[in-house]
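Listing of model_12.pdb, PDB, C-alpha atoms
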```pdb
ATOM      1  CA  MET A 172      58.857  24.481   1.080
ATOM      2  CA  THR A 173      56.145  21.860   0.832
ATOM      3  CA  PRO A 174      53.344  22.723  -1.661
ATOM      4  CA  ARG A 175      50.109  23.606   0.118
ATOM      5  CA  TRP A 176      48.074  21.084  -1.934
ATOM      6  CA  LEU A 177      50.115  18.226  -0.429
ATOM      7  CA  GLY A 178      48.910  19.119   3.055
ATOM      8  CA  GLY A 179      52.303  19.724   4.602
ATOM      9  CA  ARG A 180      55.034  17.371   5.759
ATOM     10  CA  SER A 181      52.840  15.583   8.269
ATOM     11  CA  GLU A 182      50.402  14.656   5.510
ATOM     12  CA  ILE A 183      53.216  13.330   3.306
ATOM     13  CA  LYS A 184      54.536  11.201   6.166
ATOM     14  CA  ARG A 185      51.044   9.849   6.800
ATOM     15  CA  LEU A 186      50.633   8.878   3.128
ATOM     16  CA  LEU A 187      54.033   7.184   3.117
ATOM     17  CA  ARG A 188      53.135   5.177   6.198
ATOM     18  CA  ARG A 189      49.955   3.989   4.439
ATOM     19  CA  ARG A 190      51.772   2.580   1.416
ATOM     20  CA  PRO A 191      51.177  -1.190   1.062
ATOM     21  CA  ASP A 192      53.833  -3.435   2.548
ATOM     22  CA  PHE A 193      55.275  -6.526   0.911
ATOM     23  CA  GLY A 194      52.625  -8.793   2.402
ATOM     24  CA  GLN A 195      49.741  -6.716   1.074
ATOM     25  CA  LEU A 196      51.346  -6.529  -2.382
ATOM     26  CA  SER A 197      51.688 -10.314  -2.322
ATOM     27  CA  VAL A 198      47.988 -10.697  -1.551
ATOM     28  CA  TRP A 199      47.015  -8.348  -4.377
ATOM     29  CA  SER A 200      49.347 -10.166  -6.766
ATOM     30  CA  ALA A 201      47.898 -13.553  -5.854
ATOM     31  CA  ARG A 202      44.277 -12.445  -6.188
ATOM     32  CA  PHE A 203      44.911 -10.679  -9.496
ATOM     33  CA  GLY A 204      46.701 -13.809 -10.709
ATOM     34  CA  TYR A 205      43.958 -16.226  -9.693
ATOM     35  CA  GLY A 206      41.443 -14.038 -11.468
ATOM     36  CA  ALA A 207      43.563 -13.995 -14.642
ATOM     37  CA  ARG A 208      43.934 -17.774 -14.544
ATOM     38  CA  GLY A 209      40.194 -18.133 -14.182
ATOM     39  CA  PHE A 210      39.579 -15.867 -17.150
ATOM     40  CA  VAL A 211      41.955 -17.939 -19.321
ATOM     41  CA  TYR A 212      40.200 -21.219 -18.547
ATOM     42  CA  LEU A 213      36.731 -19.710 -18.871
ATOM     43  CA  SER A 214      37.732 -18.406 -22.306
ATOM     44  CA  VAL A 215      39.310 -21.704 -23.412
ATOM     45  CA  GLY A 216      36.300 -23.675 -22.191
ATOM     46  CA  LEU A 217      33.845 -21.349 -23.915
ATOM     47  CA  ILE A 218      35.680 -21.472 -27.242
ATOM     48  CA  MET A 219      36.058 -25.256 -26.926
ATOM     49  CA  LEU A 220      32.308 -25.474 -26.363
ATOM     50  CA  PHE A 221      31.770 -23.434 -29.530
ATOM     51  CA  SER A 222      34.163 -25.852 -31.280
ATOM     52  CA  ALA A 223      32.048 -28.828 -30.175
ATOM     53  CA  LEU A 224      29.106 -27.059 -31.815
ATOM     54  CA  ASP A 225      31.199 -26.347 -34.971
ATOM     55  CA  LEU A 226      31.067 -22.626 -34.255
ATOM     56  CA  ALA A 227      34.793 -22.071 -33.636
ATOM     57  CA  ARG A 228      38.203 -23.719 -33.805
ATOM     58  CA  PRO A 229      39.577 -25.170 -30.539
ATOM     59  CA  ILE A 230      42.374 -23.322 -28.786
ATOM     60  CA  SER A 231      44.797 -23.954 -25.947
ATOM     61  CA  THR A 232      45.569 -21.770 -22.951
ATOM     62  CA  THR A 233      48.287 -20.093 -25.033
ATOM     63  CA  GLY A 234      45.994 -19.782 -28.034
ATOM     64  CA  VAL A 235      43.481 -17.707 -26.115
ATOM     65  CA  MET A 236      45.750 -14.672 -26.474
ATOM     66  CA  PRO A 237      45.477 -14.290 -30.276
ATOM     67  CA  THR A 238      41.715 -14.832 -30.012
ATOM     68  CA  LEU A 239      41.374 -12.059 -27.440
ATOM     69  CA  PHE A 240      43.641  -9.809 -29.483
ATOM     70  CA  GLN A 241      41.174  -9.919 -32.367
ATOM     71  CA  GLN A 242      38.346  -8.638 -30.170
ATOM     72  CA  PRO A 243      37.480  -4.963 -29.555
ATOM     73  CA  LEU A 244      40.099  -3.384 -27.258
ATOM     74  CA  GLY A 245      42.196  -6.517 -27.874
ATOM     75  CA  ARG A 246      45.515  -4.955 -26.894
ATOM     76  CA  ILE A 247      44.116  -3.875 -23.535
ATOM     77  CA  TRP A 248      42.677  -7.365 -22.936
ATOM     78  CA  VAL A 249      45.969  -9.071 -23.777
ATOM     79  CA  VAL A 250      48.178  -6.710 -21.760
ATOM     80  CA  THR A 251      45.883  -6.897 -18.711
ATOM     81  CA  LEU A 252      45.714 -10.673 -18.909
ATOM     82  CA  GLY A 253      49.480 -10.924 -19.356
ATOM     83  CA  LEU A 254      50.095  -8.762 -16.290
ATOM     84  CA  GLY A 255      47.604 -10.813 -14.306
ATOM     85  CA  LEU A 256      49.292 -14.069 -15.259
ATOM     86  CA  TRP A 257      52.714 -12.666 -14.371
ATOM     87  CA  SER A 258      51.227 -11.762 -10.995
ATOM     88  CA  PHE A 259      50.195 -15.386 -10.634
ATOM     89  CA  VAL A 260      53.714 -16.507 -11.612
ATOM     90  CA  ILE A 261      55.148 -14.299  -8.853
ATOM     91  CA  TRP A 262      52.723 -15.812  -6.361
ATOM     92  CA  ARG A 263      53.674 -19.339  -7.461
ATOM     93  CA  ALA A 264      57.342 -18.432  -6.944
ATOM     94  CA  LEU A 265      56.559 -17.202  -3.422
ATOM     95  CA  GLN A 266      54.706 -20.459  -2.730
ATOM     96  CA  ALA A 267      57.363 -22.754  -4.180
ATOM     97  CA  ILE A 268      60.567 -21.028  -3.066
ATOM     98  CA  PHE A 269      59.632 -19.087   0.063
ATOM     99  CA  ASP A 270      56.772 -21.293   1.329
ATOM    100  CA  ALA A 271      54.161 -18.538   1.196
ATOM    101  CA  ASP A 272      51.472 -21.059   2.185
ATOM    102  CA  ARG A 273      53.590 -22.187   5.152
ATOM    103  CA  VAL A 274      53.144 -25.859   4.355
ATOM    104  CA  GLY A 275      56.504 -26.785   5.850
ATOM    105  CA  ARG A 276      59.411 -28.937   4.672
ATOM    106  CA  ASP A 277      58.249 -32.523   5.004
ATOM    107  CA  TRP A 278      57.966 -34.761   1.957
ATOM    108  CA  ASP A 279      54.347 -33.899   1.175
ATOM    109  CA  ALA A 280      55.111 -30.193   1.492
ATOM    110  CA  ILE A 281      58.176 -30.442  -0.754
ATOM    111  CA  ARG A 282      56.136 -32.345  -3.357
ATOM    112  CA  LEU A 283      53.455 -29.660  -3.254
ATOM    113  CA  ARG A 284      55.992 -26.850  -3.589
ATOM    114  CA  ILE A 285      57.689 -28.556  -6.525
ATOM    115  CA  GLY A 286      54.314 -28.817  -8.232
ATOM    116  CA  GLN A 287      53.697 -25.124  -7.578
ATOM    117  CA  GLY A 288      57.061 -24.323  -9.092
ATOM    118  CA  PHE A 289      56.313 -26.213 -12.309
ATOM    119  CA  SER A 290      52.897 -24.583 -12.399
ATOM    120  CA  GLY A 291      54.587 -21.200 -12.205
ATOM    121  CA  LEU A 292      56.852 -22.082 -15.118
ATOM    122  CA  ALA A 293      53.868 -23.168 -17.206
ATOM    123  CA  TYR A 294      52.001 -19.933 -16.537
ATOM    124  CA  ALA A 295      55.175 -17.961 -17.265
ATOM    125  CA  VAL A 296      55.100 -19.436 -20.768
ATOM    126  CA  ILE A 297      51.472 -18.372 -21.191
ATOM    127  CA  ALA A 298      52.121 -14.902 -19.763
ATOM    128  CA  SER A 299      55.170 -14.302 -21.947
ATOM    129  CA  GLY A 300      53.063 -15.312 -24.938
ATOM    130  CA  ALA A 301      50.891 -12.242 -24.394
ATOM    131  CA  PHE A 302      53.767  -9.830 -24.897
ATOM    132  CA  GLU A 303      55.354 -11.935 -27.644
ATOM    133  CA  LEU A 304      52.038 -11.640 -29.453
ATOM    134  CA  LEU A 305      52.266  -7.856 -29.279
ATOM    135  CA  ASP A 306      55.783  -8.000 -30.761
ATOM    136  CA  GLU A 307      54.647 -10.333 -33.551
ATOM    137  CA  VAL A 308      51.703  -8.120 -34.438
ATOM    138  CA  HIS A 309      53.915  -5.035 -34.399
ATOM    139  CA  ALA A 310      56.361  -6.826 -36.722
ATOM    140  CA  ARG A 311      53.485  -8.214 -38.803
ATOM    141  CA  MET A 312      54.944 -11.702 -38.456
ATOM    142  CA  PRO A 313      52.224 -13.961 -36.983
ATOM    143  CA  VAL A 314      53.434 -17.395 -35.935
ATOM    144  CA  ASP A 315      51.717 -20.633 -36.965
ATOM    145  CA  ASP A 316      51.771 -22.795 -33.820
ATOM    146  CA  VAL A 317      51.381 -26.094 -35.700
ATOM    147  CA  ALA A 318      54.136 -25.285 -38.209
ATOM    148  CA  GLU A 319      56.416 -24.095 -35.405
ATOM    149  CA  ASN A 320      55.778 -27.263 -33.375
ATOM    150  CA  ARG A 321      56.506 -29.468 -36.380
ATOM    151  CA  GLU A 322      59.728 -27.612 -37.103
ATOM    152  CA  LYS A 323      60.882 -28.107 -33.514
ATOM    153  CA  ALA A 324      59.837 -31.770 -33.606
ATOM    154  CA  ALA A 325      61.780 -32.338 -36.838
ATOM    155  CA  MET A 326      64.907 -30.885 -35.216
ATOM    156  CA  LEU A 327      64.399 -33.056 -32.141
ATOM    157  CA  LEU A 328      63.851 -36.243 -34.135
ATOM    158  CA  THR A 329      67.148 -35.762 -35.992
ATOM    159  CA  LEU A 330      69.049 -35.918 -32.693
ATOM    160  CA  PRO A 331      70.268 -39.183 -31.173
ATOM    161  CA  LEU A 332      67.419 -40.734 -29.193
ATOM    162  CA  GLY A 333      65.175 -37.906 -30.402
ATOM    163  CA  GLY A 334      62.259 -40.295 -30.734
ATOM    164  CA  VAL A 335      62.767 -41.491 -27.159
ATOM    165  CA  VAL A 336      62.773 -37.902 -25.927
ATOM    166  CA  MET A 337      59.533 -37.235 -27.823
ATOM    167  CA  ILE A 338      57.947 -40.307 -26.249
ATOM    168  CA  GLY A 339      59.184 -39.082 -22.871
ATOM    169  CA  LEU A 340      57.494 -35.724 -23.450
ATOM    170  CA  GLY A 341      54.250 -37.507 -24.236
ATOM    171  CA  VAL A 342      54.532 -39.615 -21.085
ATOM    172  CA  ALA A 343      55.290 -36.474 -19.041
ATOM    173  CA  VAL A 344      52.171 -34.766 -20.401
ATOM    174  CA  MET A 345      50.168 -37.896 -19.572
ATOM    175  CA  ILE A 346      51.535 -37.886 -16.015
ATOM    176  CA  VAL A 347      50.602 -34.220 -15.569
ATOM    177  CA  GLY A 348      47.074 -35.054 -16.675
ATOM    178  CA  GLY A 349      46.915 -38.015 -14.315
ATOM    179  CA  LEU A 350      48.096 -35.877 -11.402
ATOM    180  CA  ASN A 351      45.267 -33.443 -12.073
ATOM    181  CA  VAL A 352      42.737 -36.273 -11.887
ATOM    182  CA  PHE A 353      44.404 -37.601  -8.720
ATOM    183  CA  LYS A 354      44.238 -34.143  -7.161
ATOM    184  CA  ALA A 355      40.543 -33.909  -8.033
ATOM    185  CA  VAL A 356      39.877 -37.049  -6.003
ATOM    186  CA  THR A 357      42.156 -36.457  -3.021
ATOM    187  CA  GLU A 358      42.366 -32.682  -2.492
ATOM    188  CA  ASP A 359      40.236 -30.795   0.019
ATOM    189  CA  PHE A 360      39.794 -27.648  -2.059
ATOM    190  CA  GLY A 361      37.486 -25.983   0.434
ATOM    191  CA  ASP A 362      40.229 -26.032   3.069
ATOM    192  CA  ALA A 363      42.138 -23.331   1.176
ATOM    193  CA  LEU A 364      39.154 -20.967   1.066
ATOM    194  CA  SER A 365      38.215 -18.377   3.654
ATOM    195  CA  CYS A 366      34.445 -18.534   3.310
ATOM    196  CA  SER A 367      31.418 -19.982   5.072
ATOM    197  CA  PRO A 368      31.224 -23.804   5.291
ATOM    198  CA  ASP A 369      28.076 -23.747   3.175
ATOM    199  CA  LEU A 370      29.707 -21.748   0.369
ATOM    200  CA  CYS A 371      32.881 -23.891   0.468
ATOM    201  CA  ARG A 372      30.758 -27.023   0.171
ATOM    202  CA  ARG A 373      28.901 -25.588  -2.822
ATOM    203  CA  VAL A 374      31.966 -24.490  -4.805
ATOM    204  CA  THR A 375      34.241 -27.484  -4.142
ATOM    205  CA  PRO A 376      32.581 -29.609  -6.877
ATOM    206  CA  LEU A 377      33.652 -26.969  -9.408
ATOM    207  CA  ALA A 378      37.283 -27.620  -8.478
ATOM    208  CA  ARG A 379      36.909 -31.403  -8.679
ATOM    209  CA  ILE A 380      35.133 -31.318 -12.033
ATOM    210  CA  GLY A 381      37.605 -28.764 -13.344
ATOM    211  CA  HIS A 382      40.706 -30.759 -12.389
ATOM    212  CA  VAL A 383      39.287 -33.935 -13.951
ATOM    213  CA  ALA A 384      38.501 -32.066 -17.174
ATOM    214  CA  ARG A 385      41.925 -30.417 -17.247
ATOM    215  CA  GLY A 386      43.623 -33.747 -16.649
ATOM    216  CA  LEU A 387      41.679 -35.558 -19.363
ATOM    217  CA  SER A 388      42.244 -32.726 -21.841
ATOM    218  CA  TYR A 389      45.977 -33.565 -21.817
ATOM    219  CA  ALA A 390      45.381 -37.134 -23.027
ATOM    220  CA  PRO A 391      44.974 -36.495 -26.809
ATOM    221  CA  LEU A 392      48.099 -34.337 -26.917
ATOM    222  CA  ALA A 393      50.090 -36.897 -24.915
ATOM    223  CA  LEU A 394      49.053 -39.776 -27.167
ATOM    224  CA  LEU A 395      49.926 -37.868 -30.342
ATOM    225  CA  LEU A 396      53.342 -36.908 -28.957
ATOM    226  CA  ILE A 397      54.010 -40.568 -28.164
ATOM    227  CA  LEU A 398      52.854 -41.554 -31.661
ATOM    228  CA  THR A 399      55.200 -38.969 -33.181
ATOM    229  CA  GLY A 400      58.111 -40.398 -31.210
ATOM    230  CA  VAL A 401      57.278 -43.979 -32.208
ATOM    231  CA  THR A 402      56.824 -43.264 -35.929
ATOM    232  CA  GLY A 403      59.497 -40.575 -36.229
ATOM    233  CA  HIS A 404      57.236 -38.455 -38.444
ATOM    234  CA  ALA A 405      57.348 -34.788 -37.467
ATOM    235  CA  SER A 406      54.320 -34.145 -39.687
ATOM    236  CA  GLN A 407      52.184 -35.787 -36.987
ATOM    237  CA  THR A 408      53.355 -33.415 -34.264
ATOM    238  CA  PRO A 409      50.248 -31.821 -32.777
ATOM    239  CA  SER A 410      49.351 -28.637 -31.049
ATOM    240  CA  PHE A 411      46.706 -28.667 -28.356
ATOM    241  CA  GLY A 412      44.179 -27.377 -30.862
ATOM    242  CA  SER A 413      44.963 -30.001 -33.502
ATOM    243  CA  ALA A 414      44.749 -32.753 -30.869
ATOM    244  CA  ILE A 415      41.305 -31.510 -29.878
ATOM    245  CA  ASP A 416      40.369 -31.413 -33.567
ATOM    246  CA  ARG A 417      41.026 -35.144 -33.758
ATOM    247  CA  VAL A 418      38.864 -35.759 -30.716
ATOM    248  CA  ARG A 419      36.049 -33.817 -32.341
ATOM    249  CA  ASP A 420      36.256 -36.080 -35.410
ATOM    250  CA  LEU A 421      35.514 -39.192 -33.330
ATOM    251  CA  PRO A 422      31.942 -40.590 -33.353
ATOM    252  CA  ALA A 423      31.272 -39.286 -29.844
ATOM    253  CA  GLY A 424      33.815 -36.487 -30.220
ATOM    254  CA  PRO A 425      31.506 -33.444 -30.019
ATOM    255  CA  ALA A 426      29.904 -34.760 -26.822
ATOM    256  CA  LEU A 427      33.302 -35.486 -25.241
ATOM    257  CA  LEU A 428      34.561 -32.072 -26.315
ATOM    258  CA  GLY A 429      31.483 -30.356 -24.911
ATOM    259  CA  LEU A 430      31.826 -32.087 -21.544
ATOM    260  CA  THR A 431      35.522 -31.208 -21.388
ATOM    261  CA  ALA A 432      34.695 -27.602 -22.228
ATOM    262  CA  LEU A 433      32.172 -27.390 -19.403
ATOM    263  CA  GLY A 434      34.759 -28.918 -17.055
ATOM    264  CA  LEU A 435      37.403 -26.351 -18.032
ATOM    265  CA  MET A 436      34.865 -23.581 -17.486
ATOM    266  CA  ALA A 437      34.215 -25.040 -14.034
ATOM    267  CA  PHE A 438      37.974 -24.894 -13.361
ATOM    268  CA  GLY A 439      38.009 -21.260 -14.464
ATOM    269  CA  ALA A 440      34.997 -20.428 -12.314
ATOM    270  CA  PHE A 441      36.680 -21.935  -9.253
ATOM    271  CA  ALA A 442      39.833 -19.901  -9.966
ATOM    272  CA  VAL A 443      37.711 -16.734  -9.961
ATOM    273  CA  ILE A 444      36.263 -17.844  -6.623
ATOM    274  CA  GLU A 445      39.824 -18.371  -5.364
ATOM    275  CA  ALA A 446      40.639 -14.804  -6.405
ATOM    276  CA  ARG A 447      38.047 -13.632  -3.904
ATOM    277  CA  PHE A 448      38.084 -16.207  -1.112
ATOM    278  CA  ARG A 449      41.411 -18.063  -1.157
ATOM    279  CA  ARG A 450      43.203 -17.973   2.169
ATOM    280  CA  ILE A 451      46.460 -16.200   1.323
ATOM    281  CA  ARG A 452      49.199 -16.056   3.912
ATOM    282  CA  PRO A 453      52.061 -14.006   2.475
ATOM    283  CA  PRO A 454      55.535 -14.688   3.859
ATOM    284  CA  LYS A 455      56.728 -12.245   6.496
ATOM    285  CA  ASP A 456      60.201 -12.373   5.008
ATOM    286  CA  LEU A 457      61.865 -14.045   2.056
ATOM    287  CA  LYS A 458      63.538 -17.053   3.632
ATOM    288  CA  VAL A 459      63.801 -20.260   1.620
TER     289      VAL A 459
END
```
What is this structure when it is put down as structure tokens?
Amino acid sequence: MTPRWLGGRSEIKRLLRRRPDFGQLSVWSARFGYGARGFVYLSVGLIMLFSALDLARPISTTGVMPTLFQQPLGRIWVVTLGLGLWSFVIWRALQAIFDADRVGRDWDAIRLRIGQGFSGLAYAVIASGAFELLDEVHARMPVDDVAENREKAAMLLTLPLGGVVMIGLGVAVMIVGGLNVFKAVTEDFGDALSCSPDLCRRVTPLARIGHVARGLSYAPLALLLILTGVTGHASQTPSFGSAIDRVRDLPAGPALLGLTALGLMAFGAFAVIEARFRRIRPPKDLKV
């Protein structure tokens, strides 16, 4: 017998019919993910701005997790952000594998979907870092990113052609940065938004500035990776934060760092706008 507080069988059937379908879940996942991505870049940009003013140490997108963890309600922040980023990873997988944006299968579409796939992998690394951080804190074994990077670099440099591989990694990072700058110049970011023409026109500069800043922020890390491969000295292996530290030590370093920080915050702000207004067309079925 159906409990009276459930309203009878007809009420249960009505509630079951109202449950979100796959398409609606995809939309929620994408919007939650875009919002999480925006929060990451807003946080990185803000802390980088503080670094330019000598008020904080620079961090990377992965380094934002430990910083958030140290704040009030840090565990809740980190878990929520991790779930949001995993939602974005799922959305990237739907875009890359199942053509959620319905861009097609021509060369330009395939290139775009490959880029979305690599983007998903990158955000998967960041998202997994949130839950790894919880494990490390529980085990009371915090990890030093710089020391860990240098240990991995030392292992790589002992391998045949290890230096060449390290140089290749630096070149790859440089290419990723260059592609961001290229996208800033060529992409019509407003076309992906479902908003008024006036609002799209106003927010598009945020995307262009943000992609340029994100692209240029890769340059110090890329150059130091190449230098490590050329010299064969693992002690020079950088993290994103240490690369930014070197930029800050240049004569015009604080100004460059401040401008980059504002650009990354612009990128984060546009991602938050995407969370609200991006035109999301979830796939009707999962066909590659």
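Counting all atoms listed in the file and comparing A:Val274, A:Val336, A:Leu283, A:Ala442, the residue that lies closest to Gly403 of chain A is A:Val336.
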Original post:
How many Å lie between atom CA of Thr402 of chain A and atom CA of Ile346 of chain A, rounded to one decimal?
Top reply: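 Taking atom CA of Thr402 of chain A and atom CA of Ile346 of chain A, their separation equals 21.3 Å.
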**OP:** Given the file shown, enumerate the residues that the PyMOL selection byres ((chain A and resi 375) around 10) captures and present them as a ChimeraX atom specification.
**Re:** /A:355,358-362,364,370-374,376-381,441
**OP:** Translate the PyMOL selection byres ((chain A and resi 194-205) around 12), as applied to the file shown, into an explicit residue set as a count of residues only.
**Re:** 54
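Separating atom CA of Val344 of chain A from atom CA of Arg385 of chain A is a distance of 11.6 Å.
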Original post:
What does the distance from atom CA of Ala280 of chain A to atom CA of Leu392 of chain A come to in Å, to one decimal?
Top reply: 29.6 Å
**OP:** Could you give me, as a VMD selection string, the residues within 12 Å of Leu427 of chain A, counting all atoms listed in the file and dropping anything in the same chain fewer than 3 positions from it?
**Re:** chain A and resid 219 to 220 222 to 224 384 387 to 388 391 415 to 424 430 to 434
**OP:** Using only C-alpha atoms, find all polymer residues with an atom at most 12 Å away from the point (53.7, -39.7, -24.7); report them as a PyMOL selection string.
**Re:** chain A and resi 334-348+389-401+408-409
Would you mind completing segment 193-208 of chain A so that it carries N, CA, C and O atoms, and writing it out as an mmCIF file, in the coordinates of the input?
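New file rebuild.cif:
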```cif
data_model
loop_
_atom_site.group_PDB
_atom_site.id
_atom_site.type_symbol
_atom_site.label_atom_id
_atom_site.label_comp_id
_atom_site.auth_asym_id
_atom_site.auth_seq_id
_atom_site.Cartn_x
_atom_site.Cartn_y
_atom_site.Cartn_z
ATOM 1 N N PHE A 193 55.022 -5.387 1.792
ATOM 2 C CA PHE A 193 55.275 -6.526 0.911
ATOM 3 C C PHE A 193 54.162 -7.559 1.007
ATOM 4 O O PHE A 193 53.722 -8.111 0.001
ATOM 5 N N GLY A 194 53.677 -7.800 2.232
ATOM 6 C CA GLY A 194 52.625 -8.793 2.402
ATOM 7 C C GLY A 194 51.356 -8.420 1.668
ATOM 8 O O GLY A 194 50.736 -9.260 1.005
ATOM 9 N N GLN A 195 50.958 -7.154 1.753
ATOM 10 C CA GLN A 195 49.741 -6.716 1.074
ATOM 11 C C GLN A 195 49.899 -6.796 -0.440
ATOM 12 O O GLN A 195 48.982 -7.203 -1.164
ATOM 13 N N LEU A 196 51.085 -6.419 -0.943
ATOM 14 C CA LEU A 196 51.346 -6.529 -2.382
ATOM 15 C C LEU A 196 51.278 -7.986 -2.836
ATOM 16 O O LEU A 196 50.789 -8.283 -3.935
ATOM 17 N N SER A 197 51.747 -8.886 -1.988
ATOM 18 C CA SER A 197 51.688 -10.314 -2.322
ATOM 19 C C SER A 197 50.242 -10.783 -2.432
ATOM 20 O O SER A 197 49.893 -11.548 -3.328
ATOM 21 N N VAL A 198 49.399 -10.320 -1.518
ATOM 22 C CA VAL A 198 47.988 -10.697 -1.551
ATOM 23 C C VAL A 198 47.338 -10.180 -2.818
ATOM 24 O O VAL A 198 46.602 -10.899 -3.507
ATOM 25 N N TRP A 199 47.590 -8.927 -3.159
ATOM 26 C CA TRP A 199 47.015 -8.348 -4.377
ATOM 27 C C TRP A 199 47.491 -9.111 -5.611
ATOM 28 O O TRP A 199 46.718 -9.383 -6.528
ATOM 29 N N SER A 200 48.796 -9.434 -5.628
ATOM 30 C CA SER A 200 49.347 -10.166 -6.766
ATOM 31 C C SER A 200 48.680 -11.529 -6.918
ATOM 32 O O SER A 200 48.311 -11.939 -8.022
ATOM 33 N N ALA A 201 48.509 -12.226 -5.807
ATOM 34 C CA ALA A 201 47.898 -13.553 -5.854
ATOM 35 C C ALA A 201 46.454 -13.476 -6.340
ATOM 36 O O ALA A 201 46.033 -14.254 -7.214
ATOM 37 N N ARG A 202 45.691 -12.540 -5.805
ATOM 38 C CA ARG A 202 44.277 -12.445 -6.188
ATOM 39 C C ARG A 202 44.124 -12.026 -7.652
ATOM 40 O O ARG A 202 43.267 -12.545 -8.365
ATOM 41 N N PHE A 203 44.925 -11.087 -8.092
ATOM 42 C CA PHE A 203 44.911 -10.679 -9.496
ATOM 43 C C PHE A 203 45.281 -11.868 -10.376
ATOM 44 O O PHE A 203 44.667 -12.107 -11.431
ATOM 45 N N GLY A 204 46.261 -12.653 -9.933
ATOM 46 C CA GLY A 204 46.701 -13.809 -10.709
ATOM 47 C C GLY A 204 45.658 -14.907 -10.792
ATOM 48 O O GLY A 204 45.435 -15.477 -11.860
ATOM 49 N N TYR A 205 45.011 -15.211 -9.667
ATOM 50 C CA TYR A 205 43.958 -16.226 -9.693
ATOM 51 C C TYR A 205 42.822 -15.795 -10.615
ATOM 52 O O TYR A 205 42.245 -16.613 -11.350
ATOM 53 N N GLY A 206 42.486 -14.521 -10.584
ATOM 54 C CA GLY A 206 41.443 -14.038 -11.468
ATOM 55 C C GLY A 206 41.827 -14.179 -12.936
ATOM 56 O O GLY A 206 41.001 -14.574 -13.771
ATOM 57 N N ALA A 207 43.099 -13.862 -13.259
ATOM 58 C CA ALA A 207 43.563 -13.995 -14.642
ATOM 59 C C ALA A 207 43.541 -15.454 -15.087
ATOM 60 O O ALA A 207 43.141 -15.773 -16.212
ATOM 61 N N ARG A 208 43.969 -16.350 -14.200
ATOM 62 C CA ARG A 208 43.934 -17.774 -14.544
ATOM 63 C C ARG A 208 42.504 -18.224 -14.800
ATOM 64 O O ARG A 208 42.231 -18.970 -15.764
#
```
